[in-house]
Amino acid sequence: MIADGAAAVLAACWRDGYCVPNPEVYPHLWLWDSCFHAISWAALGDRRASAELASCLDAQLPNGFVPHMRYASPSEGRGPLADRSSFTQPPIYAHAARVLVDRGLPVAAGTLERIERALDHLWTQRMAADGLLYIVHPWESGSDDSPRFDDWVGRSTWSRLAFTIVDHQLVDSAEFDAQGAARWSRDFVVAPAAFNAFAAHAAAELAALTGDPAWRRRSGELATAIDDVLWDADQRHWVDKPIVGGGPSAVLPTLDGLTPLLVTADPGKAGAALALAADPAGYAAPFGLRFVPAGHPRYSPEQYWRGPAWPQLNYMLYQAARRWEAAPLAEAIADVSRRAAVASGFAEYWNPETGAGLGARPQGWAALAATYPPVPAQAAPVAAS
């Protein structure tokens, strides 16, 4: 049932070599969406995984920068380039390539070289003096309107209009290199825990694929910087570090603050963060991991980035739980993710308490439900609490 539903969602979104996230709401190619689509195609044993991964790197600039969008029609107002965005998104492409290889599917010629150039661009053009990578627009985080960005917007409650206005103002305040890639901002620069975790994880995946020890070293160095600079011992999770603008909202508890579980080498930090992920009074909910923990003043289970569960973050935290051999947590994430995909109609995101679908429906990355191990035939379904 899950596999059939996931295949139908991806097929409905398939265009010329890639999936749009949703044909009506999101009719362009988005970078990390396509990485998750490739992972989902691979879980289905479909060779379109290779084409999808290659397509999301087709807009790469000569300097290695990978835009977060390739437009289906001219300019979407995301920088000076007419056919693609001037901003990027979390570098999930290395993990996607690793998944394809592990599942025995081909990786298109040149893909690993493109990934290496993309990561090298981040390390050489987006590395701060403290060893952390920074982003120059909320879009680059993947968690567009996270509460962690509230102080840049100047409000503690979410409003689509207010956040959209600031998003466009931040395009105007960005600085671009000669090829049109964003490189700095006069108003918004931050080193997010999640973006850094995804990049360190990507470097480790590339090292595993190529055998290049330099990428293993880069991954370890970045993971160490994440632990040294971004770990908050009082809150028991990793926080973001404002560089230009921002304020105290950068340390608010959000689920992406647990993603360094993918790369930390510290068992103490990992144990504390895993406990938060598994806590029903915090992040763990009947239909996925809440983006904001229950009980927090900014938790709202149906409001954009204020608490709903997101399939791509469930998936990455599942990978983190497996890395730390936290089998009960990994199995719980898999169980709620499968059930939520069905309950929500394979939605973009959903209410973590009820499974009610939110955002675009269906959304391509909800097909990640097919990546989890199937429930054994003899196992009884787990009831929502």
# chains A, B, ... in the order shown; residues from 1 in each chain; ligands from 1

call {"tool": "residues_around", "arguments": {"residues": "stretch 337-347 of chain A", "least_positions_apart": "3", "cutoff": "8 Å", "atoms": "only C-alpha atoms", "output": "MDAnalysis selection string"}}
result
chainID A and resid 2 5:6 9 287:288 311 314 333:334 350 355:364 366:367 369:370 372

call {"tool": "write_last_selection", "arguments": {"atoms": "N, CA and C atoms", "output": "mmCIF file, in the first residue's frame"}}
result
data_model
loop_
_atom_site.group_PDB
_atom_site.id
_atom_site.type_symbol
_atom_site.label_atom_id
_atom_site.label_comp_id
_atom_site.auth_asym_id
_atom_site.auth_seq_id
_atom_site.Cartn_x
_atom_site.Cartn_y
_atom_site.Cartn_z
ATOM 1 N N ILE A 2 1.871 1.294 0.881
ATOM 2 C CA ILE A 2 2.740 2.459 0.953
ATOM 3 C C ILE A 2 3.510 2.617 -0.351
ATOM 4 N N GLY A 5 1.252 3.809 -3.159
ATOM 5 C CA GLY A 5 0.908 5.219 -2.994
ATOM 6 C C GLY A 5 2.072 6.126 -3.326
ATOM 7 N N ALA A 6 3.267 5.760 -2.871
ATOM 8 C CA ALA A 6 4.453 6.561 -3.150
ATOM 9 C C ALA A 6 4.738 6.599 -4.644
ATOM 10 N N VAL A 9 2.307 8.954 -6.387
ATOM 11 C CA VAL A 9 2.627 10.362 -6.138
ATOM 12 C C VAL A 9 3.776 10.810 -7.029
ATOM 13 N N PHE A 287 1.904 11.124 14.942
ATOM 14 C CA PHE A 287 2.059 11.084 13.497
ATOM 15 C C PHE A 287 3.342 11.772 13.044
ATOM 16 N N GLY A 288 4.408 11.566 13.778
ATOM 17 C CA GLY A 288 5.685 12.109 13.338
ATOM 18 C C GLY A 288 6.336 12.970 14.392
ATOM 19 N N PRO A 311 7.994 15.246 6.324
ATOM 20 C CA PRO A 311 8.519 13.922 5.960
ATOM 21 C C PRO A 311 10.026 13.893 5.763
ATOM 22 N N ASN A 314 11.627 13.880 9.254
ATOM 23 C CA ASN A 314 11.439 12.548 9.831
ATOM 24 C C ASN A 314 12.476 11.582 9.269
ATOM 25 N N ILE A 333 9.871 6.188 14.442
ATOM 26 C CA ILE A 333 9.809 7.188 13.376
ATOM 27 C C ILE A 333 9.292 6.552 12.088
ATOM 28 N N ALA A 334 9.791 5.363 11.774
ATOM 29 C CA ALA A 334 9.326 4.675 10.570
ATOM 30 C C ALA A 334 7.830 4.398 10.639
ATOM 31 N N TRP A 350 2.155 17.753 7.851
ATOM 32 C CA TRP A 350 0.882 17.367 8.450
ATOM 33 C C TRP A 350 0.857 17.663 9.939
ATOM 34 N N GLY A 355 -2.480 13.653 12.066
ATOM 35 C CA GLY A 355 -2.138 13.175 10.734
ATOM 36 C C GLY A 355 -2.842 13.918 9.627
ATOM 37 N N ALA A 356 -3.618 14.950 9.945
ATOM 38 C CA ALA A 356 -4.331 15.713 8.919
ATOM 39 C C ALA A 356 -3.337 16.385 7.980
ATOM 40 N N GLY A 357 -3.536 16.216 6.673
ATOM 41 C CA GLY A 357 -2.616 16.758 5.690
ATOM 42 C C GLY A 357 -2.670 18.269 5.606
ATOM 43 N N LEU A 358 -1.495 18.877 5.412
ATOM 44 C CA LEU A 358 -1.359 20.325 5.316
ATOM 45 C C LEU A 358 -0.467 20.657 4.127
ATOM 46 N N GLY A 359 -0.577 21.894 3.651
ATOM 47 C CA GLY A 359 0.233 22.302 2.515
ATOM 48 C C GLY A 359 -0.249 21.639 1.242
ATOM 49 N N ALA A 360 0.680 21.444 0.303
ATOM 50 C CA ALA A 360 0.339 20.827 -0.976
ATOM 51 C C ALA A 360 0.039 19.343 -0.782
ATOM 52 N N ARG A 361 -0.958 18.861 -1.503
ATOM 53 C CA ARG A 361 -1.330 17.442 -1.427
ATOM 54 C C ARG A 361 -1.722 16.928 -2.802
ATOM 55 N N PRO A 362 -1.007 15.885 -3.259
ATOM 56 C CA PRO A 362 0.142 15.234 -2.633
ATOM 57 C C PRO A 362 1.427 16.003 -2.925
ATOM 58 N N GLN A 363 2.471 15.667 -2.192
ATOM 59 C CA GLN A 363 3.789 16.290 -2.364
ATOM 60 C C GLN A 363 4.814 15.183 -2.579
ATOM 61 N N GLY A 364 5.715 15.399 -3.532
ATOM 62 C CA GLY A 364 6.647 14.354 -3.916
ATOM 63 C C GLY A 364 7.449 13.760 -2.790
ATOM 64 N N ALA A 366 6.761 13.258 0.222
ATOM 65 C CA ALA A 366 6.023 12.354 1.106
ATOM 66 C C ALA A 366 6.203 10.900 0.683
ATOM 67 N N ALA A 367 6.684 10.689 -0.549
ATOM 68 C CA ALA A 367 6.979 9.331 -1.008
ATOM 69 C C ALA A 367 8.129 8.703 -0.226
ATOM 70 N N ALA A 369 7.981 7.788 2.556
ATOM 71 C CA ALA A 369 7.376 6.724 3.366
ATOM 72 C C ALA A 369 7.746 5.349 2.842
ATOM 73 N N ALA A 370 8.047 5.260 1.529
ATOM 74 C CA ALA A 370 8.405 3.974 0.941
ATOM 75 C C ALA A 370 9.830 3.554 1.265
ATOM 76 N N TYR A 372 11.157 3.341 4.277
ATOM 77 C CA TYR A 372 11.280 2.641 5.556
ATOM 78 C C TYR A 372 11.052 1.145 5.359
#

call {"tool": "select_by_dssp", "arguments": {"residues": "stretch 142-231 of chain A", "states": "alpha helix (DSSP H)", "output": "MDAnalysis selection string"}}
result
chainID A and resid 150:153 160:172 193:210 213:225

call {"tool": "residues_around", "arguments": {"residues": "A:Asp144", "least_positions_apart": "6", "cutoff": "9 Å", "atoms": "only C-alpha atoms", "output": "list in words"}}
result
His137, Pro138 and Trp305 of chain A

call {"tool": "residues_around", "arguments": {"residues": "A:His68", "least_positions_apart": "4", "cutoff": "6 Å", "atoms": "only C-alpha atoms", "output": "MDAnalysis selection string"}}
result
chainID A and resid 30:31 85 87:89

call {"tool": "residues_around", "arguments": {"residues": "A:Leu222", "least_positions_apart": "3", "cutoff": "10 Å", "atoms": "only C-alpha atoms", "output": "list in words"}}
result
Trp123, Met127, Asp130, Gly131, Leu132, Leu133, Asn196, Ala197, Ala199, Ala200, His201, Ala203, Arg217, Arg218, Ser219, Ala225, Ile226, Asp227, Asp228, Val263 and Thr264 of chain A

call {"tool": "residues_around", "arguments": {"residues": "A:Ser173", "least_positions_apart": "6", "cutoff": "8 Å", "atoms": "only C-alpha atoms", "output": "PyMOL selection string"}}
result
chain A and resi 185-187

call {"tool": "closest_residue", "arguments": {"among": "A:Ala191, A:Gly77, A:Ala275, A:Gly246", "to": "A:Gly154", "atoms": "only C-alpha atoms"}}
result
A:Gly246

call {"tool": "closest_residue", "arguments": {"among": "A:Leu105, A:Leu112, A:Leu119, A:Leu317", "to": "A:Gly211", "atoms": "only C-alpha atoms"}}
result
A:Leu112

call {"tool": "decode", "arguments": {"residues": "stretch 70-218 of chain A", "atoms": "C-alpha atoms", "output": "mmCIF file, in the first residue's frame"}}
result
data_model
loop_
_atom_site.group_PDB
_atom_site.id
_atom_site.type_symbol
_atom_site.label_atom_id
_atom_site.label_comp_id
_atom_site.auth_asym_id
_atom_site.auth_seq_id
_atom_site.Cartn_x
_atom_site.Cartn_y
_atom_site.Cartn_z
ATOM 1 C CA ARG A 70 15.522 25.528 -11.716
ATOM 2 C CA TYR A 71 12.563 27.420 -13.114
ATOM 3 C CA ALA A 72 9.968 25.904 -15.413
ATOM 4 C CA SER A 73 9.356 29.451 -16.687
ATOM 5 C CA PRO A 74 11.523 32.612 -16.505
ATOM 6 C CA SER A 75 12.529 34.429 -13.329
ATOM 7 C CA GLU A 76 10.891 33.769 -10.009
ATOM 8 C CA GLY A 77 12.525 36.768 -8.326
ATOM 9 C CA ARG A 78 15.192 34.826 -6.484
ATOM 10 C CA GLY A 79 18.260 36.725 -7.605
ATOM 11 C CA PRO A 80 19.771 37.998 -10.859
ATOM 12 C CA LEU A 81 19.590 34.726 -12.823
ATOM 13 C CA ALA A 82 16.635 34.357 -15.175
ATOM 14 C CA ASP A 83 16.388 30.571 -15.351
ATOM 15 C CA ARG A 84 17.423 29.483 -11.860
ATOM 16 C CA SER A 85 17.693 30.676 -8.279
ATOM 17 C CA SER A 86 20.772 32.441 -6.933
ATOM 18 C CA PHE A 87 20.398 30.724 -3.549
ATOM 19 C CA THR A 88 21.038 27.119 -2.555
ATOM 20 C CA GLN A 89 19.533 24.501 -0.205
ATOM 21 C CA PRO A 90 20.863 21.749 2.107
ATOM 22 C CA PRO A 91 23.261 19.448 0.204
ATOM 23 C CA ILE A 92 21.358 16.170 0.408
ATOM 24 C CA TYR A 93 22.658 15.100 -3.013
ATOM 25 C CA ALA A 94 25.638 13.163 -1.624
ATOM 26 C CA HIS A 95 23.380 11.085 0.612
ATOM 27 C CA ALA A 96 21.062 10.490 -2.341
ATOM 28 C CA ALA A 97 23.984 9.213 -4.393
ATOM 29 C CA ARG A 98 24.994 6.911 -1.543
ATOM 30 C CA VAL A 99 21.448 5.522 -1.374
ATOM 31 C CA LEU A 100 21.435 4.797 -5.106
ATOM 32 C CA VAL A 101 24.770 2.991 -4.918
ATOM 33 C CA ASP A 102 23.724 0.983 -1.863
ATOM 34 C CA ARG A 103 20.539 -0.106 -3.658
ATOM 35 C CA GLY A 104 22.453 -1.187 -6.752
ATOM 36 C CA LEU A 105 21.123 1.591 -8.981
ATOM 37 C CA PRO A 106 23.303 3.520 -11.425
ATOM 38 C CA VAL A 107 24.568 7.014 -10.731
ATOM 39 C CA ALA A 108 24.742 9.065 -13.924
ATOM 40 C CA ALA A 109 28.197 9.771 -15.304
ATOM 41 C CA GLY A 110 29.718 12.898 -13.814
ATOM 42 C CA THR A 111 27.332 13.068 -10.861
ATOM 43 C CA LEU A 112 29.951 12.446 -8.179
ATOM 44 C CA GLU A 113 32.238 15.038 -9.742
ATOM 45 C CA ARG A 114 29.393 17.566 -9.669
ATOM 46 C CA ILE A 115 28.712 16.751 -6.023
ATOM 47 C CA GLU A 116 32.352 17.216 -5.133
ATOM 48 C CA ARG A 117 32.446 20.622 -6.841
ATOM 49 C CA ALA A 118 29.217 21.619 -5.096
ATOM 50 C CA LEU A 119 30.527 20.746 -1.648
ATOM 51 C CA ASP A 120 33.892 22.334 -2.382
ATOM 52 C CA HIS A 121 32.081 25.569 -3.219
ATOM 53 C CA LEU A 122 30.407 25.535 0.188
ATOM 54 C CA TRP A 123 33.687 24.863 1.979
ATOM 55 C CA THR A 124 35.622 27.547 0.114
ATOM 56 C CA GLN A 125 32.939 30.236 -0.294
ATOM 57 C CA ARG A 126 30.616 29.798 2.690
ATOM 58 C CA MET A 127 32.975 28.890 5.562
ATOM 59 C CA ALA A 128 33.239 31.303 8.511
ATOM 60 C CA ALA A 129 36.354 31.775 10.634
ATOM 61 C CA ASP A 130 34.969 29.468 13.349
ATOM 62 C CA GLY A 131 34.769 26.568 10.884
ATOM 63 C CA LEU A 132 30.986 26.696 10.361
ATOM 64 C CA LEU A 133 29.131 27.107 7.083
ATOM 65 C CA TYR A 134 26.705 29.993 6.785
ATOM 66 C CA ILE A 135 23.608 30.748 4.719
ATOM 67 C CA VAL A 136 22.476 34.122 3.404
ATOM 68 C CA HIS A 137 18.700 33.651 3.094
ATOM 69 C CA PRO A 138 16.118 31.604 5.053
ATOM 70 C CA TRP A 139 15.307 29.686 1.849
ATOM 71 C CA GLU A 140 18.772 28.147 2.003
ATOM 72 C CA SER A 141 17.992 26.466 5.319
ATOM 73 C CA GLY A 142 15.165 24.328 3.896
ATOM 74 C CA SER A 143 13.138 25.343 6.975
ATOM 75 C CA ASP A 144 12.026 28.576 5.379
ATOM 76 C CA ASP A 145 10.003 30.262 8.139
ATOM 77 C CA SER A 146 11.486 28.571 11.187
ATOM 78 C CA PRO A 147 10.897 30.246 14.553
ATOM 79 C CA ARG A 148 14.682 30.542 14.723
ATOM 80 C CA PHE A 149 14.417 33.313 12.120
ATOM 81 C CA ASP A 150 11.745 35.295 13.967
ATOM 82 C CA ASP A 151 14.119 38.006 15.161
ATOM 83 C CA TRP A 152 15.137 38.783 11.588
ATOM 84 C CA VAL A 153 11.470 39.180 10.691
ATOM 85 C CA GLY A 154 10.705 41.140 13.862
ATOM 86 C CA ARG A 155 7.776 39.112 15.185
ATOM 87 C CA SER A 156 7.189 36.000 17.297
ATOM 88 C CA THR A 157 4.087 34.758 15.480
ATOM 89 C CA TRP A 158 3.914 33.535 11.911
ATOM 90 C CA SER A 159 2.218 35.486 9.145
ATOM 91 C CA ARG A 160 2.593 34.459 5.514
ATOM 92 C CA LEU A 161 2.487 38.067 4.329
ATOM 93 C CA ALA A 162 5.046 39.313 6.867
ATOM 94 C CA PHE A 163 7.508 36.516 6.191
ATOM 95 C CA THR A 164 7.066 36.808 2.413
ATOM 96 C CA ILE A 165 7.787 40.530 2.534
ATOM 97 C CA VAL A 166 10.989 39.910 4.485
ATOM 98 C CA ASP A 167 11.995 37.098 2.119
ATOM 99 C CA HIS A 168 11.912 39.501 -0.820
ATOM 100 C CA GLN A 169 13.680 42.213 1.145
ATOM 101 C CA LEU A 170 16.441 39.720 1.881
ATOM 102 C CA VAL A 171 16.829 38.991 -1.839
ATOM 103 C CA ASP A 172 17.449 42.707 -2.293
ATOM 104 C CA SER A 173 20.009 42.789 0.538
ATOM 105 C CA ALA A 174 21.943 39.773 -0.734
ATOM 106 C CA GLU A 175 25.264 40.125 -2.513
ATOM 107 C CA PHE A 176 26.034 37.972 -5.554
ATOM 108 C CA ASP A 177 29.239 36.860 -7.225
ATOM 109 C CA ALA A 178 30.072 37.340 -10.904
ATOM 110 C CA GLN A 179 28.225 34.132 -11.844
ATOM 111 C CA GLY A 180 25.054 35.144 -10.005
ATOM 112 C CA ALA A 181 25.448 32.992 -6.873
ATOM 113 C CA ALA A 182 24.548 34.527 -3.518
ATOM 114 C CA ARG A 183 27.632 34.919 -1.338
ATOM 115 C CA TRP A 184 26.739 37.333 1.499
ATOM 116 C CA SER A 185 23.941 39.513 2.883
ATOM 117 C CA ARG A 186 23.806 42.909 4.510
ATOM 118 C CA ASP A 187 20.932 41.779 6.750
ATOM 119 C CA PHE A 188 20.831 37.982 7.133
ATOM 120 C CA VAL A 189 23.777 35.657 7.688
ATOM 121 C CA VAL A 190 23.529 32.686 10.032
ATOM 122 C CA ALA A 191 25.273 29.377 10.672
ATOM 123 C CA PRO A 192 22.379 26.921 11.175
ATOM 124 C CA ALA A 193 22.850 23.671 13.046
ATOM 125 C CA ALA A 194 20.904 21.734 10.414
ATOM 126 C CA PHE A 195 22.581 23.114 7.293
ATOM 127 C CA ASN A 196 25.968 22.395 8.860
ATOM 128 C CA ALA A 197 24.893 18.910 9.918
ATOM 129 C CA PHE A 198 23.605 18.085 6.447
ATOM 130 C CA ALA A 199 26.844 19.364 4.901
ATOM 131 C CA ALA A 200 29.063 17.373 7.275
ATOM 132 C CA HIS A 201 26.930 14.314 6.571
ATOM 133 C CA ALA A 202 27.233 14.955 2.825
ATOM 134 C CA ALA A 203 31.026 15.143 3.092
ATOM 135 C CA ALA A 204 31.100 11.799 4.916
ATOM 136 C CA GLU A 205 28.829 10.234 2.283
ATOM 137 C CA LEU A 206 31.069 11.547 -0.507
ATOM 138 C CA ALA A 207 34.104 10.122 1.265
ATOM 139 C CA ALA A 208 32.380 6.739 1.443
ATOM 140 C CA LEU A 209 31.554 6.888 -2.274
ATOM 141 C CA THR A 210 34.951 8.063 -3.516
ATOM 142 C CA GLY A 211 37.369 6.813 -0.860
ATOM 143 C CA ASP A 212 38.835 10.326 -0.635
ATOM 144 C CA PRO A 213 40.107 10.868 2.938
ATOM 145 C CA ALA A 214 40.031 14.641 2.473
ATOM 146 C CA TRP A 215 36.250 14.583 2.567
ATOM 147 C CA ARG A 216 36.281 12.378 5.651
ATOM 148 C CA ARG A 217 38.546 14.951 7.292
ATOM 149 C CA ARG A 218 36.366 17.864 6.251
#
